[in-house]
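Engineer: My structure is stored as upload.cif, with mmCIF, C-alpha atoms and all ligand atoms.
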data_final
loop_
_atom_site.label_atom_id
_atom_site.label_comp_id
_atom_site.auth_asym_id
_atom_site.auth_seq_id
_atom_site.Cartn_x
_atom_site.Cartn_y
_atom_site.Cartn_z
CA MET A 5 33.08 27.64 -5.32
CA ASN A 6 30.66 28.48 -2.57
CA ALA A 7 27.45 26.49 -2.22
CA ARG A 8 25.10 29.33 -3.10
CA LEU A 9 26.92 30.14 -6.35
CA PHE A 10 26.97 26.45 -7.27
CA ASP A 11 23.25 26.32 -6.60
CA LYS A 12 22.67 29.29 -8.91
CA ILE A 13 24.59 28.06 -11.92
CA MET A 14 23.55 24.41 -11.73
CA PRO A 15 20.84 23.67 -14.36
CA THR A 16 17.40 23.20 -12.81
CA ALA A 17 16.88 19.77 -14.38
CA LEU A 18 20.13 18.49 -12.88
CA LYS A 19 19.25 19.98 -9.52
CA ARG A 20 15.91 18.19 -9.60
CA ARG A 21 17.56 14.91 -10.43
CA LEU A 22 20.08 15.31 -7.62
CA ASP A 23 17.26 16.13 -5.18
CA ALA A 24 15.46 12.94 -6.15
CA TRP A 25 18.66 10.88 -5.83
CA ALA A 26 19.42 12.35 -2.43
CA GLU A 27 15.94 11.33 -1.34
CA ASN A 28 16.49 7.78 -2.63
CA VAL A 29 19.78 7.53 -0.77
CA ALA A 30 17.90 8.65 2.36
CA VAL A 31 15.37 5.82 1.82
CA VAL A 32 18.18 3.29 1.64
CA GLY A 33 19.82 4.86 4.71
CA GLU A 34 16.64 4.36 6.71
CA ILE A 35 16.95 0.57 6.46
CA ARG A 36 18.82 -0.19 9.66
CA ASP A 37 19.04 -3.97 9.49
CA ALA A 38 21.97 -5.17 7.35
CA ARG A 39 20.30 -8.43 6.31
CA VAL A 40 17.09 -6.69 5.24
CA PHE A 41 19.18 -4.06 3.48
CA SER A 42 21.01 -6.57 1.30
CA ALA A 43 17.80 -8.49 0.55
CA LEU A 44 16.01 -5.33 -0.63
CA LEU A 45 18.92 -3.75 -2.48
CA PRO A 46 18.30 -5.22 -5.98
CA SER A 47 14.63 -4.11 -5.81
CA VAL A 48 15.67 -0.67 -4.55
CA VAL A 49 18.07 -0.29 -7.50
CA ARG A 50 15.40 -1.36 -10.02
CA GLY A 51 12.63 0.71 -8.42
CA LEU A 52 14.23 3.89 -7.11
CA PHE A 53 17.32 4.35 -9.24
CA LEU A 54 16.52 2.70 -12.60
CA ARG A 55 12.84 3.62 -12.20
CA ARG A 56 11.69 0.55 -14.11
CA GLY A 57 8.01 1.28 -13.45
CA LYS A 58 8.18 4.61 -15.24
CA GLN A 59 9.62 3.61 -18.59
CA GLY A 60 6.26 3.15 -20.28
CA VAL A 61 6.87 -0.49 -21.19
CA PRO A 62 5.79 -3.75 -19.52
CA THR A 63 8.24 -4.99 -16.86
CA PRO A 64 9.26 -8.64 -16.56
CA MET A 65 9.75 -9.64 -12.91
CA PRO A 66 11.31 -13.10 -12.57
CA ALA A 67 9.68 -15.46 -10.08
CA SER A 68 11.94 -17.98 -8.39
CA HIS A 69 9.60 -20.13 -6.30
CA ASP A 70 8.56 -23.75 -6.87
CA ALA A 71 4.96 -24.60 -7.68
CA TRP A 72 4.00 -27.16 -5.00
CA PHE A 73 1.91 -30.13 -6.14
CA ASP A 74 0.09 -32.40 -3.69
CA TRP A 75 -1.36 -35.52 -5.35
CA THR A 76 -3.20 -36.67 -2.22
CA TYR A 77 -5.70 -33.77 -1.93
CA PRO A 78 -5.84 -33.62 1.89
CA ALA A 79 -8.55 -31.64 3.70
CA ASP A 80 -5.83 -30.03 5.79
CA ASP A 81 -7.27 -26.83 7.23
CA PRO A 82 -10.97 -26.49 8.16
CA ARG A 83 -10.55 -22.76 8.89
CA LEU A 84 -9.37 -22.14 5.34
CA ALA A 85 -12.04 -24.45 3.95
CA GLU A 86 -14.60 -22.23 5.68
CA LEU A 87 -12.95 -19.08 4.30
CA TYR A 88 -13.01 -20.65 0.82
CA ARG A 89 -16.74 -21.36 1.18
CA ARG A 90 -17.40 -17.76 2.27
CA ALA A 91 -15.24 -16.35 -0.54
CA LYS A 92 -17.23 -18.30 -3.15
CA GLN A 93 -20.52 -17.03 -1.76
CA GLN A 94 -19.37 -13.41 -1.58
CA GLN A 95 -18.21 -13.12 -5.19
CA TRP A 96 -19.61 -10.06 -6.98
CA ASP A 97 -19.57 -8.64 -10.47
CA GLY A 98 -17.87 -5.30 -11.14
CA GLU A 99 -20.57 -4.56 -13.73
CA GLU A 100 -23.14 -4.30 -10.90
CA LEU A 101 -21.69 -1.08 -9.52
CA PRO A 102 -23.70 2.10 -10.25
CA TRP A 103 -21.54 3.15 -13.22
CA HIS A 104 -24.34 5.45 -14.45
CA ILE A 105 -23.38 7.96 -11.73
CA ASP A 106 -21.85 11.05 -13.24
CA VAL A 107 -18.55 11.81 -11.50
CA ASP A 108 -17.52 15.43 -11.64
CA ARG A 109 -14.01 16.14 -10.34
CA GLU A 110 -14.91 19.80 -9.88
CA ASN A 111 -18.18 19.32 -7.94
CA PRO A 112 -17.68 20.82 -4.45
CA GLU A 113 -20.82 18.97 -3.19
CA ARG A 114 -19.36 15.53 -3.91
CA PRO A 115 -15.57 15.80 -3.70
CA ILE A 116 -13.44 12.71 -4.25
CA PHE A 117 -11.28 14.02 -1.42
CA PRO A 118 -12.57 16.70 0.93
CA ASP A 119 -10.49 19.85 0.99
CA GLY A 120 -9.49 19.02 4.59
CA PHE A 121 -7.35 16.13 3.35
CA VAL A 122 -4.50 18.63 3.25
CA ASP A 123 -3.85 21.57 5.57
CA TRP A 124 -3.33 24.83 3.69
CA ARG A 125 -1.96 26.49 6.81
CA VAL A 126 0.98 24.09 6.58
CA ALA A 127 1.45 25.12 2.94
CA ASP A 128 1.52 28.79 3.98
CA GLU A 129 3.94 28.04 6.78
CA LEU A 130 6.28 26.28 4.35
CA GLY A 131 6.06 29.16 1.87
CA MET A 132 4.33 26.95 -0.69
CA ARG A 133 2.18 29.24 -2.79
CA VAL A 134 -0.91 27.66 -4.41
CA ALA A 135 -3.56 30.04 -5.77
CA PRO A 136 -6.98 29.58 -4.10
CA GLU A 137 -8.60 28.67 -7.43
CA ASP A 138 -6.05 25.83 -7.91
CA ARG A 139 -6.41 24.25 -4.49
CA ALA A 140 -9.38 21.96 -5.12
CA ARG A 141 -7.73 20.76 -8.34
CA LEU A 142 -4.51 19.89 -6.50
CA VAL A 143 -6.40 17.93 -3.83
CA ASN A 144 -8.25 16.11 -6.59
CA ASP A 145 -5.01 15.21 -8.29
CA ILE A 146 -3.68 13.78 -5.04
CA GLY A 147 -6.87 11.70 -4.81
CA THR A 148 -6.53 10.56 -8.42
CA TRP A 149 -2.88 9.70 -7.75
CA ALA A 150 -3.90 7.57 -4.75
CA LEU A 151 -6.46 5.70 -6.84
CA ALA A 152 -3.86 5.05 -9.56
CA GLN A 153 -1.52 3.59 -6.92
CA PHE A 154 -4.38 1.34 -5.76
CA LEU A 155 -4.69 0.10 -9.33
CA HIS A 156 -0.95 -0.61 -9.65
CA GLY A 157 -1.03 -2.30 -6.24
CA GLU A 158 -3.98 -4.44 -7.33
CA GLN A 159 -2.04 -5.64 -10.37
CA GLY A 160 0.78 -6.63 -8.00
CA ALA A 161 -1.77 -8.34 -5.76
CA LEU A 162 -3.17 -10.29 -8.72
CA TYR A 163 0.18 -11.85 -9.62
CA ALA A 164 1.28 -12.27 -6.02
CA ALA A 165 -1.99 -14.07 -5.21
CA ALA A 166 -1.42 -16.35 -8.21
CA GLN A 167 2.16 -17.05 -7.05
CA VAL A 168 1.09 -17.67 -3.46
CA THR A 169 -1.59 -20.07 -4.71
CA GLU A 170 0.94 -22.26 -6.51
CA ALA A 171 3.75 -21.91 -3.95
CA VAL A 172 1.82 -22.52 -0.70
CA HIS A 173 1.88 -26.09 0.66
CA GLY A 174 -1.63 -26.53 2.12
CA MET A 175 -4.38 -27.78 -0.18
CA ASP A 176 -7.19 -25.77 1.43
CA ALA A 177 -4.93 -22.71 1.20
CA LYS A 178 -4.55 -23.31 -2.54
CA LEU A 179 -8.30 -23.54 -3.12
CA TYR A 180 -8.91 -20.41 -1.08
CA GLY A 181 -6.02 -18.67 -2.88
CA ALA A 182 -7.75 -19.22 -6.22
CA THR A 183 -10.71 -17.11 -5.04
CA GLN A 184 -8.32 -14.34 -4.11
CA VAL A 185 -6.85 -14.37 -7.62
CA MET A 186 -10.39 -13.77 -8.93
CA ASP A 187 -10.95 -11.03 -6.33
CA GLU A 188 -7.79 -9.20 -7.36
CA ALA A 189 -8.71 -9.45 -11.05
CA ARG A 190 -12.03 -7.80 -10.22
CA HIS A 191 -10.24 -5.07 -8.29
CA VAL A 192 -7.99 -4.35 -11.26
CA GLU A 193 -11.10 -4.21 -13.44
CA VAL A 194 -13.08 -1.75 -11.29
CA PHE A 195 -10.21 0.62 -10.42
CA ALA A 196 -9.04 0.73 -14.07
CA ARG A 197 -12.59 1.46 -15.22
CA TYR A 198 -13.11 4.16 -12.60
CA LEU A 199 -9.87 5.92 -13.51
CA ASP A 200 -10.44 5.63 -17.23
CA ASP A 201 -14.18 6.37 -17.49
CA LYS A 202 -14.67 8.76 -14.59
CA LEU A 203 -11.38 10.56 -14.00
CA GLY A 204 -9.65 10.25 -17.38
CA LYS A 205 -6.20 10.28 -15.86
CA LEU A 206 -3.64 7.63 -14.90
CA TYR A 207 -0.56 8.41 -12.82
CA GLN A 208 2.52 6.18 -13.21
CA VAL A 209 3.45 3.76 -10.46
CA ASN A 210 5.21 5.31 -7.47
CA ASP A 211 8.86 4.17 -7.33
CA ASN A 212 8.56 3.04 -3.71
CA LEU A 213 5.48 0.95 -4.46
CA PHE A 214 7.27 -0.58 -7.46
CA THR A 215 10.22 -1.46 -5.19
CA LEU A 216 7.98 -3.24 -2.70
CA ILE A 217 6.12 -5.21 -5.35
CA ASP A 218 9.40 -6.13 -7.06
CA ALA A 219 10.84 -7.39 -3.76
CA LEU A 220 7.84 -9.69 -3.24
CA MET A 221 7.60 -11.01 -6.76
CA THR A 222 11.28 -11.98 -6.89
CA ASP A 223 11.56 -13.59 -3.42
CA GLY A 224 11.60 -17.37 -3.79
CA ARG A 225 10.34 -18.22 -0.28
CA TRP A 226 6.57 -18.74 -0.22
CA ASP A 227 6.14 -17.55 3.35
CA MET A 228 8.00 -14.28 2.62
CA LYS A 229 5.75 -13.69 -0.37
CA PHE A 230 2.82 -14.44 1.87
CA LEU A 231 4.00 -12.15 4.67
CA GLY A 232 4.72 -9.32 2.26
CA MET A 233 1.51 -9.63 0.32
CA GLN A 234 -1.10 -10.83 2.78
CA ILE A 235 0.00 -8.94 5.86
CA MET A 236 2.04 -5.91 4.78
CA ILE A 237 0.63 -4.84 1.38
CA GLU A 238 -2.90 -5.93 2.24
CA GLY A 239 -2.56 -4.02 5.51
CA LEU A 240 -1.48 -0.96 3.56
CA ALA A 241 -4.38 -1.45 1.15
CA LEU A 242 -6.91 -1.76 3.96
CA GLY A 243 -5.53 1.43 5.51
CA ALA A 244 -5.74 3.30 2.23
CA PHE A 245 -9.15 1.96 1.19
CA GLY A 246 -10.58 2.54 4.67
CA THR A 247 -9.31 6.13 4.65
CA LEU A 248 -10.70 6.95 1.23
CA HIS A 249 -13.96 5.14 1.91
CA GLN A 250 -14.48 7.34 4.96
CA LEU A 251 -13.43 10.57 3.28
CA THR A 252 -15.00 10.47 -0.14
CA ARG A 253 -18.41 11.98 -0.81
CA GLU A 254 -18.58 10.51 -4.30
CA PRO A 255 -21.21 7.69 -4.16
CA LEU A 256 -19.87 5.42 -6.92
CA LEU A 257 -16.38 5.38 -5.42
CA LYS A 258 -17.80 4.84 -1.93
CA GLU A 259 -19.73 1.79 -3.10
CA LEU A 260 -16.76 0.46 -5.08
CA LEU A 261 -14.48 0.75 -2.04
CA ALA A 262 -17.02 -0.86 0.29
CA ARG A 263 -17.10 -3.94 -1.97
CA VAL A 264 -13.33 -4.06 -2.29
CA ILE A 265 -12.83 -3.73 1.48
CA GLN A 266 -15.06 -6.75 2.04
CA ASP A 267 -12.77 -8.82 -0.19
CA GLU A 268 -9.58 -7.44 1.30
CA ALA A 269 -10.78 -8.31 4.81
CA ARG A 270 -10.81 -11.99 3.74
CA HIS A 271 -7.35 -11.65 2.22
CA VAL A 272 -5.73 -10.42 5.42
CA HIS A 273 -7.67 -13.03 7.38
CA PHE A 274 -6.15 -15.69 5.10
CA GLY A 275 -2.66 -14.30 5.77
CA VAL A 276 -3.10 -14.43 9.54
CA VAL A 277 -4.54 -17.95 9.63
CA ALA A 278 -2.03 -19.42 7.18
CA LEU A 279 1.07 -17.83 8.68
CA ARG A 280 0.32 -18.14 12.39
CA ASP A 281 1.06 -21.86 12.69
CA HIS A 282 3.89 -21.77 10.21
CA PHE A 283 5.82 -19.01 11.98
CA LYS A 284 5.18 -20.35 15.46
CA HIS A 285 5.95 -24.00 14.84
CA GLU A 286 7.87 -24.49 11.60
CA LEU A 287 10.56 -21.81 11.76
CA ASP A 288 13.62 -21.71 13.99
CA GLU A 289 14.47 -18.59 15.96
CA ARG A 290 16.92 -17.22 13.39
CA GLU A 291 14.37 -17.52 10.57
CA ARG A 292 11.64 -15.94 12.68
CA ASN A 293 13.91 -13.06 13.64
CA GLU A 294 14.73 -12.45 10.00
CA ARG A 295 11.03 -12.14 9.13
CA GLU A 296 10.37 -9.96 12.16
CA ASP A 297 13.15 -7.52 11.16
CA TRP A 298 11.99 -7.53 7.55
CA ALA A 299 8.40 -6.72 8.54
CA PHE A 300 9.50 -3.83 10.73
CA GLU A 301 11.70 -2.26 8.04
CA ILE A 302 8.95 -2.63 5.43
CA ALA A 303 6.43 -1.05 7.79
CA MET A 304 8.75 1.93 8.19
CA LEU A 305 9.21 2.28 4.44
CA MET A 306 5.45 2.22 3.99
CA ARG A 307 4.94 4.83 6.65
CA ASN A 308 7.42 7.29 5.26
CA ARG A 309 7.37 6.91 1.53
CA PHE A 310 4.00 7.22 -0.18
CA LEU A 311 4.12 10.94 -0.69
CA ALA A 312 2.58 11.58 -4.12
CA HIS A 313 5.85 12.57 -5.80
CA GLU A 314 4.26 12.07 -9.19
CA VAL A 315 1.84 14.90 -8.36
CA TYR A 316 4.79 17.02 -7.26
CA ASP A 317 6.56 16.40 -10.59
CA GLU A 318 3.44 17.43 -12.46
CA TRP A 319 2.69 20.58 -10.47
CA PHE A 320 5.87 21.92 -8.95
CA ALA A 321 9.05 20.50 -10.50
CA GLY A 322 11.27 23.46 -11.43
CA THR A 323 9.27 25.94 -9.32
CA HIS A 324 9.95 27.53 -5.94
CA VAL A 325 8.53 24.41 -4.22
CA THR A 326 11.31 21.90 -3.50
CA ARG A 327 10.80 18.16 -3.02
CA LYS A 328 11.61 18.66 0.65
CA THR A 329 8.84 21.25 1.02
CA TRP A 330 6.40 18.96 -0.75
CA ARG A 331 7.38 16.04 1.46
CA GLN A 332 6.71 18.07 4.59
CA PHE A 333 3.41 19.32 3.21
CA VAL A 334 2.16 15.78 2.46
CA GLU A 335 3.59 14.23 5.63
CA ARG A 336 1.79 16.78 7.77
CA SER A 337 -1.54 16.49 5.96
CA PRO A 338 -4.45 15.26 8.11
CA GLY A 339 -5.35 12.68 5.42
CA MET A 340 -1.89 11.14 5.62
CA GLU A 341 -2.03 11.00 9.41
CA TYR A 342 -5.38 9.26 9.21
CA PHE A 343 -4.04 6.80 6.64
CA ARG A 344 -1.10 5.91 8.92
CA LEU A 345 -3.41 5.43 11.87
CA THR A 346 -5.73 3.14 9.90
CA MET A 347 -2.87 1.17 8.37
CA PHE A 348 -0.98 0.53 11.62
CA SER A 349 -4.06 -0.15 13.71
CA ARG A 350 -4.69 -3.05 11.28
CA MET A 351 -1.15 -4.21 10.61
CA VAL A 352 0.45 -4.28 14.09
CA PRO A 353 -2.12 -6.63 15.74
CA ASN A 354 -1.78 -8.96 12.73
CA LEU A 355 1.99 -9.08 13.17
CA ARG A 356 1.45 -9.93 16.85
CA GLU A 357 -0.98 -12.67 15.92
CA ILE A 358 1.45 -14.39 13.54
CA GLY A 359 4.26 -14.22 16.11
CA LEU A 360 6.30 -11.35 14.65
CA LEU A 361 5.98 -8.93 17.57
CA SER A 362 8.29 -10.55 20.11
CA PRO A 363 9.83 -8.66 23.06
CA ARG A 364 12.98 -8.42 20.90
CA ILE A 365 11.32 -6.17 18.29
CA ARG A 366 8.76 -4.32 20.44
CA PRO A 367 11.15 -1.52 21.50
CA HIS A 368 11.60 -0.62 17.80
CA TYR A 369 7.85 -0.17 17.37
CA GLU A 370 7.69 1.72 20.66
CA ARG A 371 10.43 4.07 19.49
CA VAL A 372 8.35 5.13 16.46
CA GLY A 373 5.16 5.57 18.50
CA LEU A 374 3.28 2.40 17.52
CA ALA A 375 3.02 0.72 20.94
CA ARG A 376 -0.62 1.79 21.25
CA TYR A 377 -1.57 -0.79 18.60
CA PHE A 378 0.04 -3.80 20.36
CA GLY A 379 -3.26 -4.87 21.94
CA GLY A 380 -5.56 -4.27 18.94
CA ARG A 381 -7.78 -6.86 17.29
CA ALA A 382 -6.29 -9.03 14.55
CA ALA A 383 -7.88 -9.67 11.16
CA ASP A 384 -9.28 -13.10 12.00
CA THR A 385 -11.57 -11.49 14.61
CA LEU A 386 -12.74 -8.54 12.47
CA SER A 387 -15.68 -8.47 10.08
CA ALA A 388 -15.96 -6.18 7.06
CA ASP A 389 -18.40 -4.09 9.12
CA ASP A 390 -15.70 -3.52 11.73
CA LEU A 391 -13.43 -2.31 8.98
CA TYR A 392 -15.88 0.32 7.73
CA GLN A 393 -16.45 1.65 11.20
CA THR A 394 -13.14 3.35 11.56
CA GLU A 395 -13.20 6.47 13.66
CA VAL A 396 -13.82 9.42 11.33
CA PRO A 397 -11.49 12.38 11.77
CA ALA A 398 -13.19 15.69 12.58
CA TYR A 399 -12.16 17.42 9.36
CA ALA A 400 -13.92 14.83 7.21
CA SER A 401 -17.30 14.76 8.90
FE FE B 501 -7.26 -6.26 -3.99
FE FE B 502 -6.20 -8.27 -1.73
#
Please, can you express the file's structure as structure tokens?

Structural biologist:
Amino acid sequence: MNARLFDKIMPTALKRRLDAWAENVAVVGEIRDARVFSALLPSVVRGLFLRRGKQGVPTPMPASHDAWFDWTYPADDPRLAELYRRAKQQQWDGEELPWHIDVDRENPERPIFPDGFVDWRVADELGMRVAPEDRARLVNDIGTWALAQFLHGEQGALYAAAQVTEAVHGMDAKLYGATQVMDEARHVEVFARYLDDKLGKLYQVNDNLFTLIDALMTDGRWDMKFLGMQIMIEGLALGAFGTLHQLTREPLLKELLARVIQDEARHVHFGVVALRDHFKHELDERERNEREDWAFEIAMLMRNRFLAHEVYDEWFAGTHVTRKTWRQFVERSPGMEYFRLTMFSRMVPNLREIGLLSPRIRPHYERVGLARYFGGRAADTLSADDLYQTEVPAYAS
């Protein structure tokens, strides 16, 4: 049977499922390091193939770390004691946000995402037909999707922060960690309220995000949890929050994100301070290499895989627009480029600072065009103000 005939008689639903599977196989194929591949495989199966996050029921994720008790209560890290003090003083109440503001998804004066987040010329080039009257609604759905992923990520951050707090060995780190648990609870509260009260729509968790969270929750080593959560996912979050904070014209969301960014800046700072000494002095070369490879592969997965497939399923599944077309459309959107720039300009200097950017791994980052971030400033030298002042892309100003 020739391929075209097969294509014609194959039911559309089956074709869609095969497309999605082919994409998942491609994700797995992108992991080049065999050790990282086997470590991530169970999470990949649960997230991408069994799609555990999309079954509409709560998901148990087993934790396999030890809670670490220290009965001597040492004052063991003045830098973290200072961060703990600052975190206590900077607590805020989600109720204080200007919830009275009326958010209108259709208001062109105050868009959640400006139209320039995507490039309609790319859509035309790809033969992706979207009627002019539907375009603002599609951009809004992508924005709503992104906010829903923030919420799911914040729930992951809440439990990961709780796990890190019990698993970490330093006493000052534990006290600081407790403030982060509170921060993440507040973030869950405000994103859930915004989505429910103001947008009235909740997208399911993206399978790739589920996979990442699953991998962190089930890893028994405290420093891997820490690296994954405090450097990689928090780096991703700062990139995403910074992007949306710059782009949105909706005042309630802008204020909400500004507050959240201030908290997240402390979280990444915590990661850098707590991991720097540990990686440099406590690990042998083999262990450090393992973490370095893991961080690189995760960074690549993050770069390539947050492509709003749930919006595709809602709008285009079964139409002339294939998943491949959608992927190209999102990958080439100016908003996505800006997100990548913000994320990597934060994450790469932090990896350098904790000792995971050795000459052994640098050529891999160079190969994917990230060498320009090698000399950037790490989180422990950045204030929240620095994080707001990201360069604004021309289309958003
Ligand atoms: Fe958070
Ligand atoms: Fe956080």

Engineer: Counting all atoms listed in the file, name the residues that have an atom within 12 Å of an atom of ligand FE 501 (chain B); the answer should be given as a PyMOL selection string.

Structural biologist: chain A and resi 153-165+183-195+233-234+237-242+244-245+260-272

Engineer: For Leu54 of chain A, work out the shell of residues within 12 Å, counting only C-alpha atoms and skipping chain neighbours fewer than 5 positions away, then give it as a list in words.

Structural biologist: Trp25, Asn28, Pro46, Ser47, Val48, Val49, Gln59, Asp211, Asn212, Phe214 and Thr215 of chain A

Engineer: Please write the residues from the selection above to a file, keeping C-alpha atoms, as a compact mmCIF listing (two decimals), keeping the file's coordinate frame.

Structural biologist:
# COMPACT_ATOMS: atom_id res chain seq x y z
CA TRP A 25 18.66 10.88 -5.83
CA ASN A 28 16.49 7.78 -2.63
CA PRO A 46 18.30 -5.22 -5.98
CA SER A 47 14.63 -4.11 -5.81
CA VAL A 48 15.67 -0.67 -4.55
CA VAL A 49 18.07 -0.29 -7.50
CA GLN A 59 9.62 3.61 -18.59
CA ASP A 211 8.86 4.17 -7.33
CA ASN A 212 8.56 3.04 -3.71
CA PHE A 214 7.27 -0.58 -7.46
CA THR A 215 10.22 -1.46 -5.19

Engineer: Closest to ligand FE 502 (chain B) among A:Pro66, A:Leu374, A:Phe230, A:Pro102, using all atoms listed in the file?

Structural biologist: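 Closest to ligand FE 502 (chain B) of all the choices is A:Phe230.
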
Engineer: I'd like the interatomic distance between atom CA of Arg39 of chain A and atom CA of Ala171 of chain A, to a tenth of an Å.

Structural biologist: 23.7 Å

Engineer: Residues near Pro118 of chain A, anyone? I mean within 8 Å using only C-alpha atoms, not counting same-chain ones fewer than 3 positions away, as a list in words.

Structural biologist: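 Within the cut-off, the hits are Pro115, Phe121, Val143, Leu251, Thr252, Arg253 and Ala400 of chain A.
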
Engineer: Which of these, A:Leu179, A:Leu52, A:Met65, A:Met132, has the shortest distance to Lys92 of chain A once you count all atoms listed in the file?

Structural biologist: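 Closest to Lys92 of chain A of all the choices is A:Leu179.
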
Engineer: List the neighbours of Leu101 of chain A out to 8 Å using all atoms listed in the file; skip same-chain residues closer than 2 positions along the sequence, and give me the result as number ranges by chain.

Structural biologist: A: 97-99, 103, 256, 259-260

Engineer: So that I can see what lies close to Ala79 of chain A, please list as a ChimeraX atom specification the residues with an atom at most 10 Å from it, counting only C-alpha atoms and leaving out residues fewer than 3 positions away in the same chain.

Structural biologist: /A:76,82,84-85,174-177

Engineer: Next, the residues of the selection above should be written as a JSON list (two decimals), keeping the file's coordinate frame with C-alpha atoms.

Structural biologist:
[["chain", "number", "residue", "atom", "x", "y", "z"],
["A", 76, "THR", "CA", -3.20, -36.67, -2.22],
["A", 82, "PRO", "CA", -10.97, -26.49, 8.16],
["A", 84, "LEU", "CA", -9.37, -22.14, 5.34],
["A", 85, "ALA", "CA", -12.04, -24.45, 3.95],
["A", 174, "GLY", "CA", -1.63, -26.53, 2.12],
["A", 175, "MET", "CA", -4.38, -27.78, -0.18],
["A", 176, "ASP", "CA", -7.19, -25.77, 1.43],
["A", 177, "ALA", "CA", -4.93, -22.71, 1.20]]

Engineer: Distance atom CA of Gly373 of chain A-atom CA of Thr329 of chain A, one decimal place?

Structural biologist: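 If I compute the distance from atom CA of Gly373 of chain A to atom CA of Thr329 of chain A, I get 23.8 Å.
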
Engineer: Would you give the centre and edge lengths, in Å to one decimal, of a box along x, y and z around the listed atoms of segment 131-137 of chain A, with 4 Å added to each side, as JSON?

Structural biologist:
{"center_x": -1.3, "center_y": 28.5, "center_z": -2.8, "size_x": 22.7, "size_y": 11.1, "size_z": 17.3}

Engineer: Record the distance separating atom CA of Ala383 of chain A and atom CA of Pro353 of chain A, expressed in Å with one decimal.

Structural biologist: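 Separating atom CA of Ala383 of chain A from atom CA of Pro353 of chain A is a distance of 8.0 Å.
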